[in-house]
file structure-v2.txt (compact mmCIF, C-alpha atoms)
# COMPACT_ATOMS: atom_id res chain seq x y z
CA MET A 1 -3.10 -7.86 -32.23
CA ALA A 2 -3.78 -11.07 -30.33
CA ASN A 3 -1.42 -10.01 -27.55
CA ILE A 4 -3.03 -6.56 -27.34
CA THR A 5 -6.48 -8.11 -27.13
CA ASP A 6 -5.30 -10.52 -24.43
CA GLU A 7 -3.72 -7.75 -22.37
CA ARG A 8 -6.83 -5.62 -22.68
CA GLU A 9 -8.97 -8.52 -21.51
CA ILE A 10 -6.61 -9.20 -18.59
CA LEU A 11 -6.87 -5.54 -17.58
CA LYS A 12 -10.65 -5.58 -17.82
CA ARG A 13 -10.89 -8.72 -15.70
CA TRP A 14 -8.54 -7.24 -13.12
CA ALA A 15 -10.70 -4.10 -12.89
CA GLU A 16 -13.83 -6.22 -12.54
CA GLY A 17 -12.25 -8.42 -9.90
CA THR A 18 -12.74 -11.57 -11.99
CA HIS A 19 -9.08 -12.24 -12.80
CA LEU A 20 -7.51 -15.53 -11.77
CA GLY A 21 -4.15 -14.10 -10.75
CA ARG A 22 -2.61 -14.67 -7.35
CA ALA A 23 -0.26 -12.39 -5.46
CA PRO A 24 3.40 -13.15 -6.32
CA MET A 25 4.36 -12.52 -2.70
CA GLU A 26 3.50 -13.77 0.77
CA LEU A 27 0.32 -12.20 2.10
CA PRO A 28 0.22 -11.10 5.75
CA ARG A 29 -1.43 -13.38 8.28
CA VAL A 30 -3.72 -11.05 10.18
CA ASN A 31 -6.97 -11.02 12.12
CA ALA A 32 -9.89 -8.62 12.18
CA ASN A 33 -8.96 -7.32 15.66
CA ASP A 34 -5.32 -6.57 14.86
CA HIS A 35 -4.05 -3.01 14.85
CA LEU A 36 -2.77 -1.72 11.53
CA VAL A 37 -0.80 1.45 10.90
CA SER A 38 -0.13 2.59 7.34
CA GLN A 39 2.26 5.37 6.34
CA PRO A 40 2.78 5.67 2.56
CA MET A 41 5.90 7.35 1.20
CA PHE A 42 6.71 9.13 -2.06
CA SER A 43 10.32 9.74 -3.07
CA GLY A 44 11.89 11.50 -6.05
CA ILE A 45 8.53 12.48 -7.49
CA GLN A 46 7.70 15.95 -8.75
CA GLU A 47 4.20 17.16 -8.06
CA VAL A 48 2.30 17.97 -11.24
CA PRO A 49 -1.31 19.13 -11.60
CA LEU A 50 -3.89 16.63 -12.73
CA PRO A 51 -4.56 16.79 -16.48
CA THR A 52 -7.96 17.93 -17.69
CA ASN A 53 -8.28 14.83 -19.87
CA PRO A 54 -8.39 11.63 -17.75
CA VAL A 55 -6.72 9.68 -20.57
CA ASP A 56 -3.59 11.80 -20.17
CA LEU A 57 -3.24 10.61 -16.58
CA PHE A 58 -2.12 7.26 -17.99
CA ARG A 59 -0.89 8.28 -21.46
CA ASP A 60 1.63 10.98 -20.47
CA PRO A 61 4.69 9.65 -18.54
CA LYS A 62 4.94 12.87 -16.50
CA ASN A 63 1.62 11.90 -14.88
CA HIS A 64 2.47 8.28 -14.14
CA ALA A 65 3.20 8.80 -10.43
CA ASN A 66 -0.32 10.17 -10.10
CA ALA A 67 -1.60 7.26 -12.20
CA VAL A 68 -0.03 4.80 -9.75
CA GLY A 69 -1.66 6.71 -6.91
CA ARG A 70 -5.02 6.30 -8.63
CA ILE A 71 -4.39 2.55 -8.98
CA TRP A 72 -3.70 2.37 -5.23
CA THR A 73 -6.89 4.24 -4.45
CA PHE A 74 -8.93 2.07 -6.81
CA CYS A 75 -7.68 -1.04 -5.00
CA SER A 76 -8.52 0.62 -1.69
CA GLU A 77 -12.06 1.35 -2.86
CA ARG A 78 -12.62 -2.19 -4.08
CA THR A 79 -11.31 -3.92 -0.94
CA LYS A 80 -12.58 -1.24 1.48
CA PHE A 81 -9.08 -0.99 2.95
CA ILE A 82 -8.99 2.60 4.22
CA PRO A 83 -6.36 3.15 6.94
CA ALA A 84 -7.52 6.77 7.31
CA MET A 85 -10.49 5.39 9.26
CA GLY A 86 -8.29 4.44 12.21
CA LEU A 87 -6.20 1.72 13.85
CA LYS A 88 -8.84 -0.98 14.03
CA GLY A 89 -11.02 -2.63 11.41
CA GLN A 90 -8.47 -2.49 8.58
CA ALA A 91 -5.97 -5.32 9.17
CA ASP A 92 -8.16 -8.12 7.82
CA LYS A 93 -8.71 -6.15 4.58
CA PHE A 94 -4.99 -5.62 4.04
CA PRO A 95 -4.23 -9.02 2.38
CA ALA A 96 -6.95 -8.47 -0.25
CA TYR A 97 -5.62 -4.98 -0.91
CA ILE A 98 -2.07 -6.29 -1.37
CA GLU A 99 -3.33 -8.98 -3.74
CA GLU A 100 -5.11 -6.37 -5.84
CA ILE A 101 -2.01 -4.17 -6.04
CA SER A 102 0.37 -7.01 -6.81
CA THR A 103 -1.77 -8.51 -9.59
CA PHE A 104 -2.26 -5.26 -11.50
CA PRO A 105 -1.09 -6.16 -15.04
CA GLY A 106 0.95 -2.96 -15.35
CA PHE A 107 3.23 -3.91 -12.42
CA TYR A 108 5.81 -6.68 -12.47
CA LEU A 109 7.70 -8.07 -9.51
CA GLU A 110 11.40 -7.29 -9.34
CA PHE A 111 12.25 -8.18 -5.74
CA ASN A 112 10.54 -10.19 -3.02
CA ARG A 113 11.92 -11.46 0.26
CA GLN A 114 10.76 -12.34 3.75
CA THR A 115 13.08 -12.18 6.74
CA GLY A 116 11.56 -15.11 8.56
CA ARG A 117 10.85 -14.78 12.25
CA LYS A 118 13.48 -12.69 14.00
CA GLN A 119 14.62 -12.69 17.60
CA THR A 120 15.38 -9.15 18.67
CA SER A 121 15.25 -6.86 21.67
CA ASN A 122 11.90 -5.58 22.85
CA ASP A 123 13.41 -2.10 22.64
CA ILE A 124 11.37 -0.51 19.83
CA ASN A 125 14.32 1.67 18.82
CA LEU A 126 16.40 -1.41 18.05
CA ILE A 127 13.52 -2.94 16.13
CA ILE A 128 13.20 0.28 14.13
CA ASN A 129 16.91 0.15 13.28
CA ASP A 130 16.53 -3.46 12.19
CA ILE A 131 13.58 -2.63 9.95
CA LYS A 132 15.42 0.37 8.54
CA ALA A 133 18.29 -1.88 7.53
CA MET A 134 15.89 -3.89 5.38
CA TYR A 135 15.73 -0.98 2.95
CA ASP A 136 19.49 -0.95 2.36
CA GLY A 137 20.38 -2.22 -1.10
CA VAL A 138 16.74 -2.76 -2.02
CA LEU A 139 15.35 0.68 -2.74
CA ASP A 140 16.68 4.23 -2.73
CA VAL A 141 14.42 6.02 -0.25
CA ASN A 142 14.68 8.76 2.35
CA ILE A 143 15.92 6.62 5.25
CA GLN A 144 15.16 9.31 7.84
CA GLY A 145 11.62 9.41 6.49
CA VAL A 146 11.39 5.67 7.05
CA VAL A 147 12.64 6.04 10.62
CA ASP A 148 10.25 8.90 11.39
CA SER A 149 7.29 6.95 10.03
CA LEU A 150 8.21 3.81 11.97
CA GLU A 151 8.54 5.80 15.20
CA LYS A 152 5.14 7.38 14.64
CA MET A 153 3.64 3.98 13.93
CA ALA A 154 5.08 2.50 17.13
CA LYS A 155 3.88 5.41 19.27
CA THR A 156 0.40 5.22 17.75
CA ILE A 157 0.08 1.56 18.70
CA ALA A 158 1.61 2.08 22.16
CA ASN A 159 -0.77 4.97 22.91
CA SER A 160 -3.85 3.04 21.85
CA SER A 161 -6.54 2.99 24.53
CA SER A 162 -7.33 -0.68 23.93
CA ASP A 163 -7.04 -2.83 27.06
CA LYS A 164 -6.46 -6.00 25.05
CA LEU A 165 -3.26 -5.96 23.03
CA GLU A 166 -3.43 -7.77 19.71
CA ASP A 167 -0.93 -8.13 16.91
CA SER A 168 0.31 -4.99 15.22
CA VAL A 169 0.92 -4.60 11.51
CA PHE A 170 3.11 -1.76 10.25
CA THR A 171 2.87 -1.22 6.52
CA GLN A 172 4.81 1.23 4.43
CA MET A 173 4.08 1.42 0.71
CA SER A 174 5.99 3.77 -1.51
CA ILE A 175 6.11 5.17 -5.02
CA THR A 176 9.69 6.06 -5.88
CA LYS A 177 11.73 7.35 -8.78
CA PRO A 178 15.47 6.99 -8.05
CA ASN A 179 17.83 9.81 -9.00
CA ASN A 180 18.67 10.01 -12.70
CA ASN A 181 16.19 7.26 -13.43
CA GLN A 182 12.88 7.60 -15.25
CA GLN A 183 11.67 4.25 -13.96
CA LEU A 184 8.93 4.21 -11.32
CA TYR A 185 8.84 1.62 -8.55
CA VAL A 186 6.12 0.51 -6.16
CA SER A 187 7.33 -1.07 -2.93
CA ILE A 188 5.33 -2.90 -0.30
CA PHE A 189 7.01 -3.37 3.08
CA TYR A 190 5.08 -4.71 6.03
CA THR A 191 6.10 -5.83 9.50
CA THR A 192 4.14 -7.74 12.13
CA LEU A 193 4.81 -7.36 15.86
CA LYS A 194 3.16 -8.29 19.11
CA MET A 195 2.68 -6.04 22.13
CA GLU A 196 2.13 -7.06 25.71
CA VAL A 197 1.88 -5.42 29.13
CA ASP A 198 4.83 -6.01 31.44
CA THR A 199 4.58 -6.35 35.22
CA GLN A 200 4.84 -2.58 35.68
CA GLY A 201 1.93 -1.99 33.32
CA LYS A 202 4.06 -0.70 30.47
CA ARG A 203 3.46 -1.77 26.90
CA THR A 204 6.35 -3.54 25.24
CA TYR A 205 6.90 -5.40 22.00
CA ARG A 206 7.53 -9.12 21.90
CA SER A 207 10.02 -10.20 19.30
CA GLN A 208 8.81 -13.75 18.64
CA GLU A 209 6.39 -12.63 15.90
CA TYR A 210 8.63 -10.07 14.29
CA TYR A 211 9.17 -10.51 10.56
CA VAL A 212 9.40 -8.22 7.55
CA ASN A 213 8.14 -8.75 4.00
CA ARG A 214 9.76 -6.70 1.26
CA SER A 215 8.42 -6.56 -2.30
CA VAL A 216 9.37 -4.15 -5.07
CA PHE A 217 7.44 -3.82 -8.33
CA VAL A 218 8.49 -2.07 -11.51
CA VAL A 219 5.80 0.10 -13.08
CA ASN A 220 5.40 -0.85 -16.74
CA THR A 221 4.97 2.67 -18.07
CA SER A 222 4.57 1.36 -21.63
CA PHE A 223 1.52 -0.59 -20.46
CA LEU A 224 0.01 2.55 -18.89
CA THR A 225 0.54 4.48 -22.11
CA ALA A 226 -0.73 1.74 -24.44
CA TYR A 227 -3.95 1.21 -22.48
CA ALA A 228 -4.51 4.77 -21.33
CA LEU A 229 -8.06 4.95 -22.70
CA ASP A 230 -9.04 1.65 -21.08
CA LEU A 231 -7.46 2.61 -17.77
CA SER A 232 -9.14 6.01 -17.68
CA THR A 233 -12.51 4.38 -18.39
CA LEU A 234 -12.07 1.65 -15.79
CA LEU A 235 -10.27 3.55 -13.04
CA GLY A 236 -11.11 7.23 -13.51
CA MET A 237 -9.07 10.20 -12.27
CA GLY A 238 -6.95 10.56 -9.15
CA ASP A 239 -3.46 11.36 -7.88
CA TRP A 240 -0.91 10.19 -5.33
CA GLY A 241 -1.92 12.97 -2.94
CA GLN A 242 -5.39 11.45 -2.67
CA ALA A 243 -3.85 8.02 -2.26
CA LYS A 244 -1.62 9.27 0.56
CA GLU A 245 -4.59 10.81 2.36
CA LYS A 246 -6.67 7.65 2.19
CA MET A 247 -3.80 5.27 2.94
CA SER A 248 -2.38 7.14 5.99
CA THR A 249 -3.43 6.06 9.46
CA PRO A 250 -4.05 9.19 11.57
CA ILE A 251 -1.19 9.49 14.04
CA GLY A 252 -2.49 9.71 17.59
CA GLY A 253 -5.45 7.45 16.90
CA THR A 254 -7.76 10.11 15.47
CA LYS A 255 -10.42 8.59 13.26
CA LEU A 256 -12.68 9.90 10.57
CA SER A 257 -15.99 11.22 11.84
CA CYS A 258 -19.15 9.22 11.22
CA ILE A 259 -20.09 11.69 8.50
CA ASP A 260 -16.68 11.35 6.84
CA LYS A 261 -16.94 7.56 7.04
CA ALA A 262 -20.35 7.64 5.38
CA ARG A 263 -18.99 9.90 2.65
CA ALA A 264 -15.98 7.65 2.11
CA ILE A 265 -18.14 4.54 1.81
CA ALA A 266 -20.56 6.30 -0.56
CA ALA A 267 -17.64 7.48 -2.68
CA GLU A 268 -16.26 3.93 -2.84
CA GLU A 269 -19.55 2.52 -4.05
CA ASN A 270 -20.05 5.26 -6.64
CA VAL A 271 -16.54 4.97 -8.03
CA LEU A 272 -16.59 1.18 -8.12
CA THR A 273 -19.96 1.11 -9.87
CA SER A 274 -18.69 3.58 -12.43
CA ALA A 275 -15.41 1.73 -12.94
CA LEU A 276 -17.08 -1.58 -13.64
CA ARG A 277 -19.52 -0.31 -16.20
CA GLU A 278 -19.32 -1.82 -19.65
CA ASP A 279 -17.80 0.21 -22.48
call {"tool": "encode", "arguments": {"input": "structure-v2.txt", "output": "structure tokens"}}
result
Amino acid sequence: MANITDEREILKRWAEGTHLGRAPMELPRVNANDHLVSQPMFSGIQEVPLPTNPVDLFRDPKNHANAVGRIWTFCSERTKFIPAMGLKGQADKFPAYIEEISTFPGFYLEFNRQTGRKQTSNDINLIINDIKAMYDGVLDVNIQGVVDSLEKMAKTIANSSSDKLEDSVFTQMSITKPNNNQQLYVSIFYTTLKMEVDTQGKRTYRSQEYYVNRSVFVVNTSFLTAYALDLSTLLGMGDWGQAKEKMSTPIGGTKLSCIDKARAIAAEENVLTSALRED
């Protein structure tokens, strides 16, 4: 019983933001003015309707992909990291978001590696191929989906109307269930690049700042089931579709309207207040 009590207390402190844990991975070094493009991915997951009872979101293994999506969204609400709001104003919130995700007591780190700074061509297609190769042997994902997302990310940054070119952060988080495997994985891949204007006025990428961080977490489904009541009380209801919507940067630079922004912020405050209430 002591272990159960300790785990329950750890979960409560995590949900309240008072835990003492630190991210078991390198956090990105970013600035408030940096561009950030986020494109989440979901692989091998069957869409199921949300249960009527919030407890079943965490108790029933068939709902655990949606439960992970709700955990993502909860972390987004707490850190105010909402890529759906546009290219700018999100990068400096990304490290806090990653720390929240990586310290959730129902995830444990299986793989973590940084490439170090890489020298590569300023041809974005070659950079994309290099990034794509980082997935090989780490996680079973739809490689073409990775390539498509990276290309969209690059074009979004290149088509930005900003006159001043800051660092770019490409982040791709995924929830995956490999073939013939009931285990769920959460992966966090992010890449930093620089852009500059060449003498002909074209935007190109500089390779000096190019590095990739790769982290893969195993979802402890037994933890989700054991603490389903606590999780439903602290986190509430949600699914990975909602997480994808909130965590996806609009391609083409489209941002949420002022009204949508106000609604999103109000929703964050309401959900967070509710989640932190005492039992």
call {"tool": "closest_residue", "arguments": {"input": "structure-v2.txt", "among": "A:Tyr185, A:Phe217, A:Phe223, A:Trp14", "to": "Ile45 (chain A)", "atoms": "only C-alpha atoms"}}
result
A:Tyr185
call {"tool": "atom_distance", "arguments": {"input": "structure-v2.txt", "atom1": "CA of Ala226 (chain A)", "atom2": "CA of Glu110 (chain A)"}}
result
21.4 Å
call {"tool": "residues_around", "arguments": {"input": "structure-v2.txt", "residues": "Asn53 (chain A)", "least_positions_apart": "5", "cutoff": "12 Å", "atoms": "all atoms listed in the file", "output": "PyMOL selection string"}}
result
chain A and resi 58-60+63+228-229+232-233+236-238
call {"tool": "atom_distance", "arguments": {"input": "structure-v2.txt", "atom1": "CA of Asn33 (chain A)", "atom2": "CA of Ile82 (chain A)"}}
result
15.1 Å
call {"tool": "atom_distance", "arguments": {"input": "structure-v2.txt", "atom1": "CA of Gln242 (chain A)", "atom2": "CA of Glu9 (chain A)"}}
result
27.7 Å
call {"tool": "residues_around", "arguments": {"input": "structure-v2.txt", "residues": "Gln39 (chain A)", "least_positions_apart": "3", "cutoff": "7 Å", "atoms": "all atoms listed in the file", "output": "MDAnalysis selection string"}}
result
chainID A and resid 149 171:172 247:249
call {"tool": "residues_around", "arguments": {"input": "structure-v2.txt", "residues": "Ser187 (chain A)", "least_positions_apart": "2", "cutoff": "8 Å", "atoms": "all atoms listed in the file", "output": "list in words"}}
result
Met173, Ser174, Ile175, Tyr185, Phe189, Arg214, Ser215, Val216 and Phe217 of chain A
call {"tool": "closest_residue", "arguments": {"input": "structure-v2.txt", "among": "A:Pro24, A:Gly44, A:Pro178, A:Gly17", "to": "Tyr108 (chain A)", "atoms": "all atoms listed in the file"}}
result
A:Pro24
call {"tool": "residues_around", "arguments": {"input": "structure-v2.txt", "residues": "Gly106 (chain A)", "least_positions_apart": "5", "cutoff": "8 Å", "atoms": "all atoms listed in the file", "output": "list in words"}}
result
Val219, Asn220, Thr221, Phe223 and Leu224 of chain A
